[in-house]
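Enquirer: Pasting my_file.cif here (mmCIF, C-alpha atoms):
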```
data_target
loop_
_atom_site.group_PDB
_atom_site.id
_atom_site.type_symbol
_atom_site.label_atom_id
_atom_site.label_comp_id
_atom_site.auth_asym_id
_atom_site.auth_seq_id
_atom_site.Cartn_x
_atom_site.Cartn_y
_atom_site.Cartn_z
ATOM 1 C CA MET W 1 -21.359 12.946 -54.864
ATOM 2 C CA THR W 2 -24.679 14.730 -54.337
ATOM 3 C CA HIS W 3 -26.930 13.418 -51.605
ATOM 4 C CA VAL W 4 -30.477 14.503 -50.855
ATOM 5 C CA ILE W 5 -33.287 13.457 -48.551
ATOM 6 C CA GLY W 6 -36.501 11.961 -49.887
ATOM 7 C CA VAL W 7 -39.609 12.113 -47.709
ATOM 8 C CA ASP W 8 -42.776 10.020 -48.031
ATOM 9 C CA LEU W 9 -45.386 11.853 -45.927
ATOM 10 C CA GLY W 10 -48.515 9.731 -45.632
ATOM 11 C CA GLY W 11 -51.649 9.724 -43.557
ATOM 12 C CA THR W 12 -50.352 7.364 -40.874
ATOM 13 C CA LYS W 13 -46.569 7.435 -41.128
ATOM 14 C CA THR W 14 -43.771 9.573 -42.531
ATOM 15 C CA ALA W 15 -40.668 7.863 -43.877
ATOM 16 C CA ALA W 16 -37.507 9.548 -45.082
ATOM 17 C CA GLY W 17 -34.112 8.500 -46.365
ATOM 18 C CA VAL W 18 -30.748 9.855 -47.442
ATOM 19 C CA VAL W 19 -30.515 9.108 -51.158
ATOM 20 C CA SER W 20 -27.409 9.108 -53.325
ATOM 21 C CA GLY W 21 -27.224 10.521 -56.835
ATOM 22 C CA SER W 22 -27.659 7.009 -58.188
ATOM 23 C CA GLY W 23 -30.842 6.455 -56.156
ATOM 24 C CA GLU W 24 -29.472 4.280 -53.370
ATOM 25 C CA VAL W 25 -31.176 4.786 -49.992
ATOM 26 C CA LEU W 26 -28.213 4.893 -47.631
ATOM 27 C CA MET W 27 -30.002 5.455 -44.317
ATOM 28 C CA SER W 28 -33.611 5.999 -43.340
ATOM 29 C CA GLY W 29 -36.051 6.690 -40.540
ATOM 30 C CA THR W 30 -39.798 6.553 -39.897
ATOM 31 C CA ILE W 31 -42.149 8.389 -37.537
ATOM 32 C CA PRO W 32 -45.920 8.371 -37.062
ATOM 33 C CA THR W 33 -47.630 11.218 -38.915
ATOM 34 C CA LEU W 34 -49.246 13.517 -36.356
ATOM 35 C CA ASN W 35 -52.438 13.460 -38.363
ATOM 36 C CA ARG W 36 -54.670 14.987 -35.696
ATOM 37 C CA THR W 37 -52.490 17.889 -34.598
ATOM 38 C CA GLY W 38 -52.485 20.228 -37.606
ATOM 39 C CA GLY W 39 -50.048 21.252 -40.298
ATOM 40 C CA GLU W 40 -47.501 23.105 -38.176
ATOM 41 C CA ALA W 41 -47.048 20.166 -35.814
ATOM 42 C CA ILE W 42 -46.580 17.844 -38.787
ATOM 43 C CA LEU W 43 -43.948 20.173 -40.231
ATOM 44 C CA ASP W 44 -42.147 20.293 -36.870
ATOM 45 C CA ALA W 45 -42.048 16.499 -36.619
ATOM 46 C CA THR W 46 -41.012 16.053 -40.250
ATOM 47 C CA ALA W 47 -38.260 18.648 -39.881
ATOM 48 C CA ALA W 48 -36.950 16.816 -36.828
ATOM 49 C CA LEU W 49 -36.846 13.565 -38.828
ATOM 50 C CA ILE W 50 -34.978 15.288 -41.662
ATOM 51 C CA SER W 51 -32.546 17.024 -39.316
ATOM 52 C CA GLY W 52 -31.727 13.728 -37.662
ATOM 53 C CA LEU W 53 -30.926 12.198 -41.046
ATOM 54 C CA VAL W 54 -28.784 15.211 -42.000
ATOM 55 C CA GLU W 55 -26.768 14.677 -38.807
ATOM 56 C CA ARG W 56 -26.392 10.964 -39.479
ATOM 57 C CA ALA W 57 -25.255 11.731 -43.023
ATOM 58 C CA ALA W 58 -22.711 14.258 -41.729
ATOM 59 C CA ASP W 59 -21.336 11.662 -39.321
ATOM 60 C CA ALA W 60 -20.790 9.424 -42.345
ATOM 61 C CA GLY W 61 -19.007 12.215 -44.214
ATOM 62 C CA LEU W 62 -21.970 12.982 -46.510
ATOM 63 C CA THR W 63 -23.402 16.405 -47.283
ATOM 64 C CA VAL W 64 -27.138 16.772 -47.916
ATOM 65 C CA SER W 65 -28.020 19.432 -50.500
ATOM 66 C CA GLY W 66 -31.810 19.371 -50.607
ATOM 67 C CA VAL W 67 -35.083 17.720 -49.662
ATOM 68 C CA GLY W 68 -37.802 16.239 -51.870
ATOM 69 C CA VAL W 69 -41.222 15.454 -50.431
ATOM 70 C CA GLY W 70 -44.023 13.237 -51.659
ATOM 71 C CA SER W 71 -47.030 14.205 -49.557
ATOM 72 C CA ALA W 72 -50.598 13.092 -49.144
ATOM 73 C CA GLY W 73 -53.083 15.622 -50.491
ATOM 74 C CA VAL W 74 -53.229 17.812 -53.562
ATOM 75 C CA ILE W 75 -49.903 19.635 -53.622
ATOM 76 C CA ASP W 76 -49.314 22.857 -55.540
ATOM 77 C CA ALA W 77 -45.757 22.103 -56.609
ATOM 78 C CA ALA W 78 -45.172 25.685 -57.740
ATOM 79 C CA ALA W 79 -46.431 27.552 -54.678
ATOM 80 C CA GLY W 80 -45.450 24.750 -52.322
ATOM 81 C CA THR W 81 -48.793 24.598 -50.537
ATOM 82 C CA VAL W 82 -51.265 21.848 -49.706
ATOM 83 C CA VAL W 83 -54.285 22.731 -51.836
ATOM 84 C CA SER W 84 -56.590 20.154 -50.280
ATOM 85 C CA ALA W 85 -56.465 17.014 -48.168
ATOM 86 C CA THR W 86 -58.845 14.454 -46.740
ATOM 87 C CA ASP W 87 -59.695 14.087 -43.072
ATOM 88 C CA ALA W 88 -56.966 11.460 -42.849
ATOM 89 C CA ILE W 89 -54.702 14.414 -41.993
ATOM 90 C CA LEU W 90 -56.654 17.086 -40.151
ATOM 91 C CA GLY W 91 -55.510 20.657 -40.734
ATOM 92 C CA TRP W 92 -53.182 19.718 -43.578
ATOM 93 C CA ALA W 93 -54.997 21.711 -46.272
ATOM 94 C CA GLY W 94 -53.577 25.222 -46.575
ATOM 95 C CA THR W 95 -50.227 24.303 -45.042
ATOM 96 C CA LYS W 96 -47.210 26.048 -46.590
ATOM 97 C CA LEU W 97 -45.336 22.813 -47.052
ATOM 98 C CA ILE W 98 -42.241 23.935 -48.964
ATOM 99 C CA ALA W 99 -41.676 27.269 -47.245
ATOM 100 C CA GLY W 100 -42.423 25.885 -43.790
ATOM 101 C CA LEU W 101 -40.151 22.881 -44.145
ATOM 102 C CA SER W 102 -37.345 24.803 -45.812
ATOM 103 C CA ALA W 103 -37.327 27.381 -43.016
ATOM 104 C CA ARG W 104 -37.094 24.636 -40.424
ATOM 105 C CA VAL W 105 -34.297 22.586 -41.991
ATOM 106 C CA GLY W 106 -32.352 25.283 -43.843
ATOM 107 C CA LEU W 107 -32.353 23.401 -47.154
ATOM 108 C CA PRO W 108 -34.130 23.837 -50.498
ATOM 109 C CA VAL W 109 -37.301 21.775 -50.696
ATOM 110 C CA ARG W 110 -39.474 20.544 -53.552
ATOM 111 C CA ALA W 111 -42.761 18.678 -53.189
ATOM 112 C CA VAL W 112 -45.436 16.781 -55.124
ATOM 113 C CA ASN W 113 -48.291 14.464 -54.229
ATOM 114 C CA ASP W 114 -47.096 11.141 -52.809
ATOM 115 C CA VAL W 115 -48.484 9.041 -55.683
ATOM 116 C CA HIS W 116 -46.566 11.177 -58.187
ATOM 117 C CA ALA W 117 -43.428 10.611 -56.101
ATOM 118 C CA HIS W 118 -44.127 6.874 -56.064
ATOM 119 C CA ALA W 119 -44.533 6.820 -59.853
ATOM 120 C CA LEU W 120 -41.393 8.887 -60.369
ATOM 121 C CA GLY W 121 -39.419 6.394 -58.292
ATOM 122 C CA GLU W 122 -40.704 3.461 -60.356
ATOM 123 C CA ALA W 123 -39.976 5.371 -63.572
ATOM 124 C CA TRP W 124 -36.425 6.138 -62.478
ATOM 125 C CA LEU W 125 -35.266 2.894 -60.891
ATOM 126 C CA GLY W 126 -38.210 0.518 -60.664
ATOM 127 C CA ALA W 127 -40.542 -1.376 -62.952
ATOM 128 C CA ALA W 128 -40.657 1.428 -65.551
ATOM 129 C CA ALA W 129 -36.913 2.207 -65.572
ATOM 130 C CA GLY W 130 -35.589 3.027 -69.018
ATOM 131 C CA THR W 131 -38.961 4.001 -70.486
ATOM 132 C CA ASP W 132 -40.012 7.366 -71.880
ATOM 133 C CA SER W 133 -43.567 7.127 -70.553
ATOM 134 C CA SER W 134 -45.268 5.122 -67.847
ATOM 135 C CA LEU W 135 -48.664 4.982 -66.223
ATOM 136 C CA MET W 136 -48.634 3.903 -62.586
ATOM 137 C CA VAL W 137 -51.861 3.194 -60.726
ATOM 138 C CA ALA W 138 -52.025 2.143 -57.085
ATOM 139 C CA PHE W 139 -54.980 0.144 -55.749
ATOM 140 C CA GLY W 140 -55.164 0.058 -51.975
ATOM 141 C CA THR W 141 -57.063 2.072 -49.383
ATOM 142 C CA GLY W 142 -57.792 4.419 -52.275
ATOM 143 C CA VAL W 143 -57.064 4.486 -55.998
ATOM 144 C CA GLY W 144 -54.508 6.952 -57.325
ATOM 145 C CA GLY W 145 -52.153 7.229 -60.234
ATOM 146 C CA SER W 146 -49.598 9.211 -62.163
ATOM 147 C CA PHE W 147 -48.481 9.482 -65.779
ATOM 148 C CA VAL W 148 -44.724 10.058 -66.029
ATOM 149 C CA LEU W 149 -43.501 11.472 -69.331
ATOM 150 C CA ASN W 150 -39.798 11.946 -70.060
ATOM 151 C CA GLY W 151 -38.904 11.784 -66.369
ATOM 152 C CA SER W 152 -41.573 14.174 -65.077
ATOM 153 C CA PRO W 153 -45.008 13.355 -63.631
ATOM 154 C CA LEU W 154 -47.890 15.227 -65.271
ATOM 155 C CA LEU W 155 -49.338 17.229 -62.392
ATOM 156 C CA GLY W 156 -52.122 19.048 -64.217
ATOM 157 C CA HIS W 157 -52.906 22.750 -64.490
ATOM 158 C CA ARG W 158 -54.346 22.824 -60.947
ATOM 159 C CA PHE W 159 -52.080 20.018 -59.630
ATOM 160 C CA VAL W 160 -55.013 17.577 -59.404
ATOM 161 C CA GLY W 161 -53.694 15.269 -62.129
ATOM 162 C CA GLY W 162 -53.512 11.618 -61.152
ATOM 163 C CA HIS W 163 -56.853 11.245 -59.373
ATOM 164 C CA VAL W 164 -57.653 8.216 -61.494
ATOM 165 C CA GLY W 165 -59.979 6.762 -58.878
ATOM 166 C CA HIS W 166 -62.493 9.498 -59.531
ATOM 167 C CA PHE W 167 -64.062 8.895 -62.885
ATOM 168 C CA ALA W 168 -67.166 6.834 -63.598
ATOM 169 C CA SER W 169 -67.100 3.039 -63.497
ATOM 170 C CA PRO W 170 -69.975 0.933 -64.836
ATOM 171 C CA TYR W 171 -69.253 -1.515 -62.020
ATOM 172 C CA ALA W 172 -69.864 1.065 -59.255
ATOM 173 C CA VAL W 173 -73.619 0.549 -59.224
ATOM 174 C CA VAL W 174 -75.952 -1.434 -56.954
ATOM 175 C CA ASP W 175 -79.579 -1.999 -57.981
ATOM 176 C CA GLY W 176 -79.340 0.852 -60.433
ATOM 177 C CA ASP W 177 -77.955 3.344 -57.943
ATOM 178 C CA PRO W 178 -74.325 4.548 -58.144
ATOM 179 C CA LEU W 179 -72.190 3.773 -55.124
ATOM 180 C CA PRO W 180 -71.085 6.735 -52.984
ATOM 181 C CA CYS W 181 -67.405 7.660 -53.207
ATOM 182 C CA VAL W 182 -65.237 9.088 -50.431
ATOM 183 C CA CYS W 183 -64.701 12.224 -52.537
ATOM 184 C CA GLY W 184 -68.392 13.103 -52.233
ATOM 185 C CA GLY W 185 -69.253 11.974 -55.745
ATOM 186 C CA VAL W 186 -70.942 8.738 -56.792
ATOM 187 C CA GLY W 187 -70.214 5.872 -59.137
ATOM 188 C CA HIS W 188 -66.442 6.311 -59.220
ATOM 189 C CA VAL W 189 -63.737 3.689 -59.710
ATOM 190 C CA GLU W 190 -62.552 4.033 -56.107
ATOM 191 C CA ALA W 191 -66.060 3.238 -54.855
ATOM 192 C CA VAL W 192 -65.804 -0.279 -56.294
ATOM 193 C CA ALA W 193 -62.102 -1.066 -56.870
ATOM 194 C CA SER W 194 -60.375 0.038 -53.640
ATOM 195 C CA GLY W 195 -59.633 -2.254 -50.715
ATOM 196 C CA PRO W 196 -62.444 -0.878 -48.501
ATOM 197 C CA ALA W 197 -64.824 -1.151 -51.473
ATOM 198 C CA ILE W 198 -64.054 -4.865 -51.802
ATOM 199 C CA HIS W 199 -64.810 -5.377 -48.117
ATOM 200 C CA ALA W 200 -68.071 -3.441 -48.490
ATOM 201 C CA ALA W 201 -69.011 -5.594 -51.505
ATOM 202 C CA TYR W 202 -68.339 -8.751 -49.490
ATOM 203 C CA LEU W 203 -70.858 -7.596 -46.890
ATOM 204 C CA ARG W 204 -73.401 -6.664 -49.572
ATOM 205 C CA PHE W 205 -73.048 -10.115 -51.096
ATOM 206 C CA GLY W 206 -73.990 -11.695 -47.783
ATOM 207 C CA GLY W 207 -70.581 -12.417 -46.314
ATOM 208 C CA PRO W 208 -70.650 -12.614 -42.491
ATOM 209 C CA ALA W 209 -68.969 -9.565 -40.965
ATOM 210 C CA SER W 210 -67.546 -11.674 -38.151
ATOM 211 C CA GLU W 211 -65.437 -13.628 -40.633
ATOM 212 C CA ALA W 212 -63.778 -10.712 -42.406
ATOM 213 C CA ALA W 213 -63.059 -7.556 -40.455
ATOM 214 C CA ASP W 214 -61.225 -5.985 -43.384
ATOM 215 C CA THR W 215 -60.118 -6.536 -46.976
ATOM 216 C CA ARG W 216 -57.272 -8.808 -45.931
ATOM 217 C CA GLY W 217 -59.850 -11.103 -44.340
ATOM 218 C CA VAL W 218 -61.923 -11.128 -47.518
ATOM 219 C CA PHE W 219 -58.923 -12.255 -49.544
ATOM 220 C CA ALA W 220 -58.104 -14.978 -47.023
ATOM 221 C CA ILE W 221 -61.624 -16.369 -47.337
ATOM 222 C CA ALA W 222 -61.681 -16.050 -51.137
ATOM 223 C CA GLN W 223 -58.447 -18.013 -51.448
ATOM 224 C CA GLY W 224 -59.712 -20.795 -49.206
ATOM 225 C CA ASN W 225 -57.926 -19.878 -45.975
ATOM 226 C CA HIS W 226 -61.157 -20.030 -44.040
ATOM 227 C CA ASP W 227 -62.527 -21.919 -41.069
ATOM 228 C CA ALA W 228 -65.871 -23.426 -42.130
ATOM 229 C CA ASP W 229 -66.847 -24.134 -38.510
ATOM 230 C CA ALA W 230 -66.409 -20.452 -37.667
ATOM 231 C CA ALA W 231 -68.743 -19.459 -40.491
ATOM 232 C CA ALA W 232 -71.368 -21.927 -39.321
ATOM 233 C CA THR W 233 -71.101 -20.573 -35.779
ATOM 234 C CA ALA W 234 -71.699 -17.074 -37.150
ATOM 235 C CA GLY W 235 -74.975 -18.285 -38.657
ATOM 236 C CA ALA W 236 -73.812 -18.484 -42.268
ATOM 237 C CA ALA W 237 -73.229 -21.508 -44.457
ATOM 238 C CA PRO W 238 -69.501 -22.101 -45.005
ATOM 239 C CA GLY W 239 -69.988 -21.626 -48.729
ATOM 240 C CA ALA W 240 -71.742 -18.295 -48.275
ATOM 241 C CA ALA W 241 -68.647 -16.563 -46.974
ATOM 242 C CA ILE W 242 -66.476 -18.032 -49.717
ATOM 243 C CA ALA W 243 -68.957 -17.137 -52.454
ATOM 244 C CA ALA W 244 -69.327 -13.576 -51.160
ATOM 245 C CA ALA W 245 -65.571 -13.114 -50.854
ATOM 246 C CA ARG W 246 -64.845 -14.417 -54.336
ATOM 247 C CA ALA W 247 -67.611 -12.302 -55.850
ATOM 248 C CA ALA W 248 -66.307 -9.185 -54.079
ATOM 249 C CA VAL W 249 -62.689 -9.729 -55.126
ATOM 250 C CA GLY W 250 -63.778 -10.511 -58.685
ATOM 251 C CA LEU W 251 -65.898 -7.370 -58.887
ATOM 252 C CA GLY W 252 -63.125 -5.134 -57.584
ATOM 253 C CA ALA W 253 -60.527 -6.712 -59.881
ATOM 254 C CA LYS W 254 -62.731 -6.387 -62.981
ATOM 255 C CA ALA W 255 -63.489 -2.759 -62.157
ATOM 256 C CA ALA W 256 -59.784 -2.059 -61.680
ATOM 257 C CA GLY W 257 -58.864 -3.695 -64.975
ATOM 258 C CA GLN W 258 -61.627 -1.954 -66.934
ATOM 259 C CA ALA W 259 -60.549 1.416 -65.546
ATOM 260 C CA LEU W 260 -56.893 0.743 -66.331
ATOM 261 C CA GLY W 261 -57.787 -0.289 -69.859
ATOM 262 C CA GLY W 262 -59.631 2.958 -70.417
ATOM 263 C CA LEU W 263 -56.666 4.959 -69.158
ATOM 264 C CA ILE W 264 -54.331 3.042 -71.459
ATOM 265 C CA ASN W 265 -56.602 3.856 -74.414
ATOM 266 C CA ILE W 266 -56.346 7.545 -73.557
ATOM 267 C CA LEU W 267 -52.665 7.833 -72.659
ATOM 268 C CA ASP W 268 -50.930 5.071 -74.668
ATOM 269 C CA PRO W 269 -48.072 4.619 -72.136
ATOM 270 C CA GLU W 270 -44.963 2.629 -72.946
ATOM 271 C CA VAL W 271 -45.539 0.524 -69.827
ATOM 272 C CA VAL W 272 -48.189 0.233 -67.104
ATOM 273 C CA VAL W 273 -47.117 -0.268 -63.498
ATOM 274 C CA VAL W 274 -49.668 -1.510 -60.960
ATOM 275 C CA SER W 275 -48.971 -0.923 -57.288
ATOM 276 C CA GLY W 276 -50.669 -0.968 -53.899
ATOM 277 C CA GLY W 277 -51.940 -3.570 -51.481
ATOM 278 C CA LEU W 278 -54.309 -5.211 -53.976
ATOM 279 C CA ALA W 279 -51.568 -5.625 -56.564
ATOM 280 C CA ASP W 280 -49.541 -7.359 -53.857
ATOM 281 C CA ALA W 281 -52.395 -9.737 -53.012
ATOM 282 C CA GLY W 282 -51.365 -12.202 -55.688
ATOM 283 C CA GLU W 283 -52.765 -13.843 -58.799
ATOM 284 C CA PHE W 284 -56.258 -14.207 -57.344
ATOM 285 C CA TRP W 285 -56.739 -10.453 -57.929
ATOM 286 C CA TRP W 286 -54.184 -9.942 -60.704
ATOM 287 C CA ARG W 287 -55.590 -12.464 -63.208
ATOM 288 C CA PRO W 288 -59.156 -11.088 -63.430
ATOM 289 C CA MET W 289 -57.797 -7.542 -63.321
ATOM 290 C CA GLU W 290 -55.527 -8.104 -66.320
ATOM 291 C CA THR W 291 -58.192 -10.068 -68.180
ATOM 292 C CA ALA W 292 -60.606 -7.133 -67.872
ATOM 293 C CA LEU W 293 -57.830 -4.730 -68.873
ATOM 294 C CA ARG W 294 -56.971 -6.707 -72.024
ATOM 295 C CA GLN W 295 -60.639 -6.850 -73.000
ATOM 296 C CA GLU W 296 -60.926 -3.060 -72.686
ATOM 297 C CA ILE W 297 -57.898 -1.830 -74.608
ATOM 298 C CA LEU W 298 -57.860 -1.007 -78.305
ATOM 299 C CA ALA W 299 -56.232 -3.470 -80.715
ATOM 300 C CA PRO W 300 -53.055 -1.410 -81.394
ATOM 301 C CA LEU W 301 -52.375 -1.446 -77.641
ATOM 302 C CA ALA W 302 -52.592 -5.219 -77.215
ATOM 303 C CA SER W 303 -48.874 -5.610 -76.507
ATOM 304 C CA VAL W 304 -48.613 -2.970 -73.765
ATOM 305 C CA PRO W 305 -46.678 -4.435 -70.799
ATOM 306 C CA VAL W 306 -48.559 -4.458 -67.484
ATOM 307 C CA VAL W 307 -46.204 -5.122 -64.580
ATOM 308 C CA ARG W 308 -46.115 -4.987 -60.794
ATOM 309 C CA ALA W 309 -44.236 -2.200 -59.042
ATOM 310 C CA THR W 310 -40.842 -3.317 -57.766
ATOM 311 C CA LEU W 311 -39.502 -0.694 -55.349
ATOM 312 C CA GLY W 312 -41.928 -1.345 -52.505
ATOM 313 C CA ASN W 313 -41.821 1.070 -49.580
ATOM 314 C CA THR W 314 -38.828 2.972 -50.946
ATOM 315 C CA ALA W 315 -40.519 4.071 -54.185
ATOM 316 C CA ALA W 316 -41.896 7.398 -52.922
ATOM 317 C CA ILE W 317 -38.676 8.208 -51.032
ATOM 318 C CA VAL W 318 -36.591 7.629 -54.155
ATOM 319 C CA GLY W 319 -39.059 9.494 -56.345
ATOM 320 C CA ALA W 320 -39.201 12.446 -53.976
ATOM 321 C CA ALA W 321 -35.407 12.535 -53.907
ATOM 322 C CA LYS W 322 -35.384 12.635 -57.719
ATOM 323 C CA LEU W 323 -37.257 15.951 -57.552
ATOM 324 C CA VAL W 324 -34.138 17.655 -56.190
ATOM 325 C CA LEU W 325 -31.550 15.498 -57.909
ATOM 326 C CA LYS W 326 -32.513 16.844 -61.335
#
```
Write out the structure in this file as structure tokens.

Expert:
Amino acid sequence: MTHVIGVDLGGTKTAAGVVSGSGEVLMSGTIPTLNRTGGEAILDATAALISGLVERAADAGLTVSGVGVGSAGVIDAAAGTVVSATDAILGWAGTKLIAGLSARVGLPVRAVNDVHAHALGEAWLGAAAGTDSSLMVAFGTGVGGSFVLNGSPLLGHRFVGGHVGHFASPYAVVDGDPLPCVCGGVGHVEAVASGPAIHAAYLRFGGPASEAADTRGVFAIAQGNHDADAAATAGAAPGAAIAAARAAVGLGAKAAGQALGGLINILDPEVVVVSGGLADAGEFWWRPMETALRQEILAPLASVPVVRATLGNTAAIVGAAKLVLK
């Protein structure tokens, strides 16, 4: 049976696994991404991770025939280079990802952006398994997505397809001014619907910073897991923190749902898969998100299924493996 290695190369960690032809992850490993040392150092570390898995597979009597990579950044899947990347991985842009990794490990390599790999995994074996088309959108530190059609993610002519966090949202405005986005633009979906955007909204709505250091803290307050005495000590009324947290979560969820609804109107997918840390936060975010989505979509699309991703941390590994299992 054919076995390959799938790699999920993210901004903070790189995970990889030996994947069977049926999509089972047989063994895996994880290392920190050397995100401040440049592309060549990242390739060296990733190659070492892959080589270790190849050896472990050999010890188990398995032969590895190729490597698939889902990587952070805009990935030119044809040339095998990193077209652009954020400062989350310094020196990553311009890296010859496929050629550099293939030379180091002695195996054929294919690569796409990590969100495309994630979506491909869900389309193959996860929440969208058995469908001809699926839209997956992840809401977390950022907002990204992928449209998978007949088993292949649509990458776009310049490989920028899937940046669904970077179109205008009517919710990304404060006092008439569009909110700045991490991409350098303003008024985008990511500026209001991402995890950091929800935390920023909580602070704008008057929530005490001492009570919520991050988005996880905002959700804890919004759902009632909050110490009223601590809020009073911080100089805020107990209700102020709760009101700010609930308003921030509600705003982010509505913006997410409205954006998803617009994408559904454009793409008409068979199923919609929602992933990321916010999707995992529970019904407190999911209900207003889906309500806004249902209000946005056109009448013929009313029955479109909207489901949570199911593969978790293995999705991008499995999807990346699928690139070379075809």

Enquirer: Of the candidates W:Ile89, W:Ala212, W:Ala78, W:Ile50, which shows the shortest atom-to-atom distance to Phe159 (chain W), using all atoms listed in the file?

Expert: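 Checking each candidate against Phe159 (chain W), we get W:Ala78 as the closest.
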
Enquirer: Run the PyMOL selection byres ((chain W and resi 3) around 8) mentally over the shown coordinates, then write out the matched residues as a list in words, using the chain letters and numbers from the document.

Expert: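 With the shown file as input, the PyMOL selection byres ((chain W and resi 3) around 8) matches Met1, Thr2, Val4, Ile5, Val18, Val19, Ser20, Gly21, Leu62, Thr63, Val64, Ser65 and Gly66 of chain W.
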
Enquirer: Could you give me, as an mmCIF file with C-alpha atoms, keeping the file's coordinate frame, the residues within 12 Å of Ala302 (chain W), counting all atoms listed in the file and dropping anything in the same chain fewer than 2 positions from it?

Expert:
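New file result26.cif:
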```
data_model
loop_
_atom_site.group_PDB
_atom_site.id
_atom_site.type_symbol
_atom_site.label_atom_id
_atom_site.label_comp_id
_atom_site.auth_asym_id
_atom_site.auth_seq_id
_atom_site.Cartn_x
_atom_site.Cartn_y
_atom_site.Cartn_z
ATOM 1 C CA GLY W 261 -57.787 -0.289 -69.859
ATOM 2 C CA ILE W 264 -54.331 3.042 -71.459
ATOM 3 C CA ASN W 265 -56.602 3.856 -74.414
ATOM 4 C CA ASP W 268 -50.930 5.071 -74.668
ATOM 5 C CA PRO W 269 -48.072 4.619 -72.136
ATOM 6 C CA GLU W 270 -44.963 2.629 -72.946
ATOM 7 C CA VAL W 271 -45.539 0.524 -69.827
ATOM 8 C CA GLU W 290 -55.527 -8.104 -66.320
ATOM 9 C CA THR W 291 -58.192 -10.068 -68.180
ATOM 10 C CA LEU W 293 -57.830 -4.730 -68.873
ATOM 11 C CA ARG W 294 -56.971 -6.707 -72.024
ATOM 12 C CA GLN W 295 -60.639 -6.850 -73.000
ATOM 13 C CA GLU W 296 -60.926 -3.060 -72.686
ATOM 14 C CA ILE W 297 -57.898 -1.830 -74.608
ATOM 15 C CA LEU W 298 -57.860 -1.007 -78.305
ATOM 16 C CA ALA W 299 -56.232 -3.470 -80.715
ATOM 17 C CA PRO W 300 -53.055 -1.410 -81.394
ATOM 18 C CA VAL W 304 -48.613 -2.970 -73.765
ATOM 19 C CA PRO W 305 -46.678 -4.435 -70.799
ATOM 20 C CA VAL W 306 -48.559 -4.458 -67.484
#
```

Enquirer: Assuming the chain letters and numbering stay as they are in my file, what does the PyMOL selection byres ((chain W and resi 147) around 6) actually select? List them as a ChimeraX atom specification.

Expert: /W:134-135,146,148,153-154

Enquirer: Would you save the residues of that selection, restricted to C-alpha atoms, as a compact mmCIF listing (two decimals), keeping the file's coordinate frame?

Expert:
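Everything below was put into again-v3.txt:
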```
# COMPACT_ATOMS: atom_id res chain seq x y z
CA SER W 134 -45.27 5.12 -67.85
CA LEU W 135 -48.66 4.98 -66.22
CA SER W 146 -49.60 9.21 -62.16
CA VAL W 148 -44.72 10.06 -66.03
CA PRO W 153 -45.01 13.36 -63.63
CA LEU W 154 -47.89 15.23 -65.27
```

Enquirer: Run the PyMOL selection byres ((chain W and resi 251) around 9) mentally over the shown coordinates, then write out the matched residues as a PyMOL selection string, using the chain letters and numbers from the document.

Expert: chain W and resi 171+192-193+198+201+246-250+252-256+288

Enquirer: Could you please determine the separation between CA of Leu34 (chain W) and CA of Asn113 (chain W) in Å, to one decimal place?

Expert: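 If I compute the distance from CA of Leu34 (chain W) to CA of Asn113 (chain W), I get 17.9 Å.
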
Enquirer: So how far away is CA of Gly73 (chain W) from CA of Ala172 (chain W), in Å?

Expert: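 Rounded to one decimal, the two atoms are 23.9 Å apart.
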
Enquirer: Compare W:Val274, W:Leu101, W:Ala47, W:Ala93 by their minimum atom-to-atom distance to Gly312 (chain W), counting only C-alpha atoms, and give me the closest one.

Expert: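 Smallest separation from Gly312 (chain W) among the options: W:Val274.
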
Enquirer: Any idea what's packed within 7 Å of region 213-223 of chain W, counting all atoms listed in the file, ignoring anything in its chain fewer than 4 positions away? Could you give it as number ranges by chain?

Expert: W: 195-196, 198-199, 209, 242, 245-246

Enquirer: Take the residues from that selection and put them in a file with C-alpha atoms, as a compact mmCIF listing (two decimals), in the coordinates of the input.

Expert:
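File produced: selection.txt:
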```txt
# COMPACT_ATOMS: atom_id res chain seq x y z
CA GLY W 195 -59.63 -2.25 -50.72
CA PRO W 196 -62.44 -0.88 -48.50
CA ILE W 198 -64.05 -4.86 -51.80
CA HIS W 199 -64.81 -5.38 -48.12
CA ALA W 209 -68.97 -9.56 -40.96
CA ILE W 242 -66.48 -18.03 -49.72
CA ALA W 245 -65.57 -13.11 -50.85
CA ARG W 246 -64.84 -14.42 -54.34
```

Enquirer: Calculate how many Å separate CA of Asn313 (chain W) from CA of Arg287 (chain W), rounding to one decimal.

Expert: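 Spanning CA of Asn313 (chain W) to CA of Arg287 (chain W) is a straight-line distance of 23.6 Å.
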
Enquirer: How would you write as a PyMOL selection string the residues that get within 8 Å of (-57.0, 2.8, -51.9) in the file's frame, counting all atoms listed in the file?

Expert: chain W and resi 138-144+190+194-196+276

Enquirer: Could you name the residues that touch Ile98 (chain W) at 8 Å or less, counting only C-alpha atoms, but leaving out those on the same chain fewer than 4 positions away, as a PyMOL selection string?

Expert: chain W and resi 79-81+102+109-111

Enquirer: Output C-alpha atoms of each residue in that selection to a file, as a short mmCIF file (atom, residue, chain, number, x, y, z; two decimals), in the frame of the given file.

Expert:
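What ended up in part24.cif:
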```cif
data_model
loop_
_atom_site.label_atom_id
_atom_site.label_comp_id
_atom_site.auth_asym_id
_atom_site.auth_seq_id
_atom_site.Cartn_x
_atom_site.Cartn_y
_atom_site.Cartn_z
CA ALA W 79 -46.43 27.55 -54.68
CA GLY W 80 -45.45 24.75 -52.32
CA THR W 81 -48.79 24.60 -50.54
CA SER W 102 -37.34 24.80 -45.81
CA VAL W 109 -37.30 21.78 -50.70
CA ARG W 110 -39.47 20.54 -53.55
CA ALA W 111 -42.76 18.68 -53.19
#
```
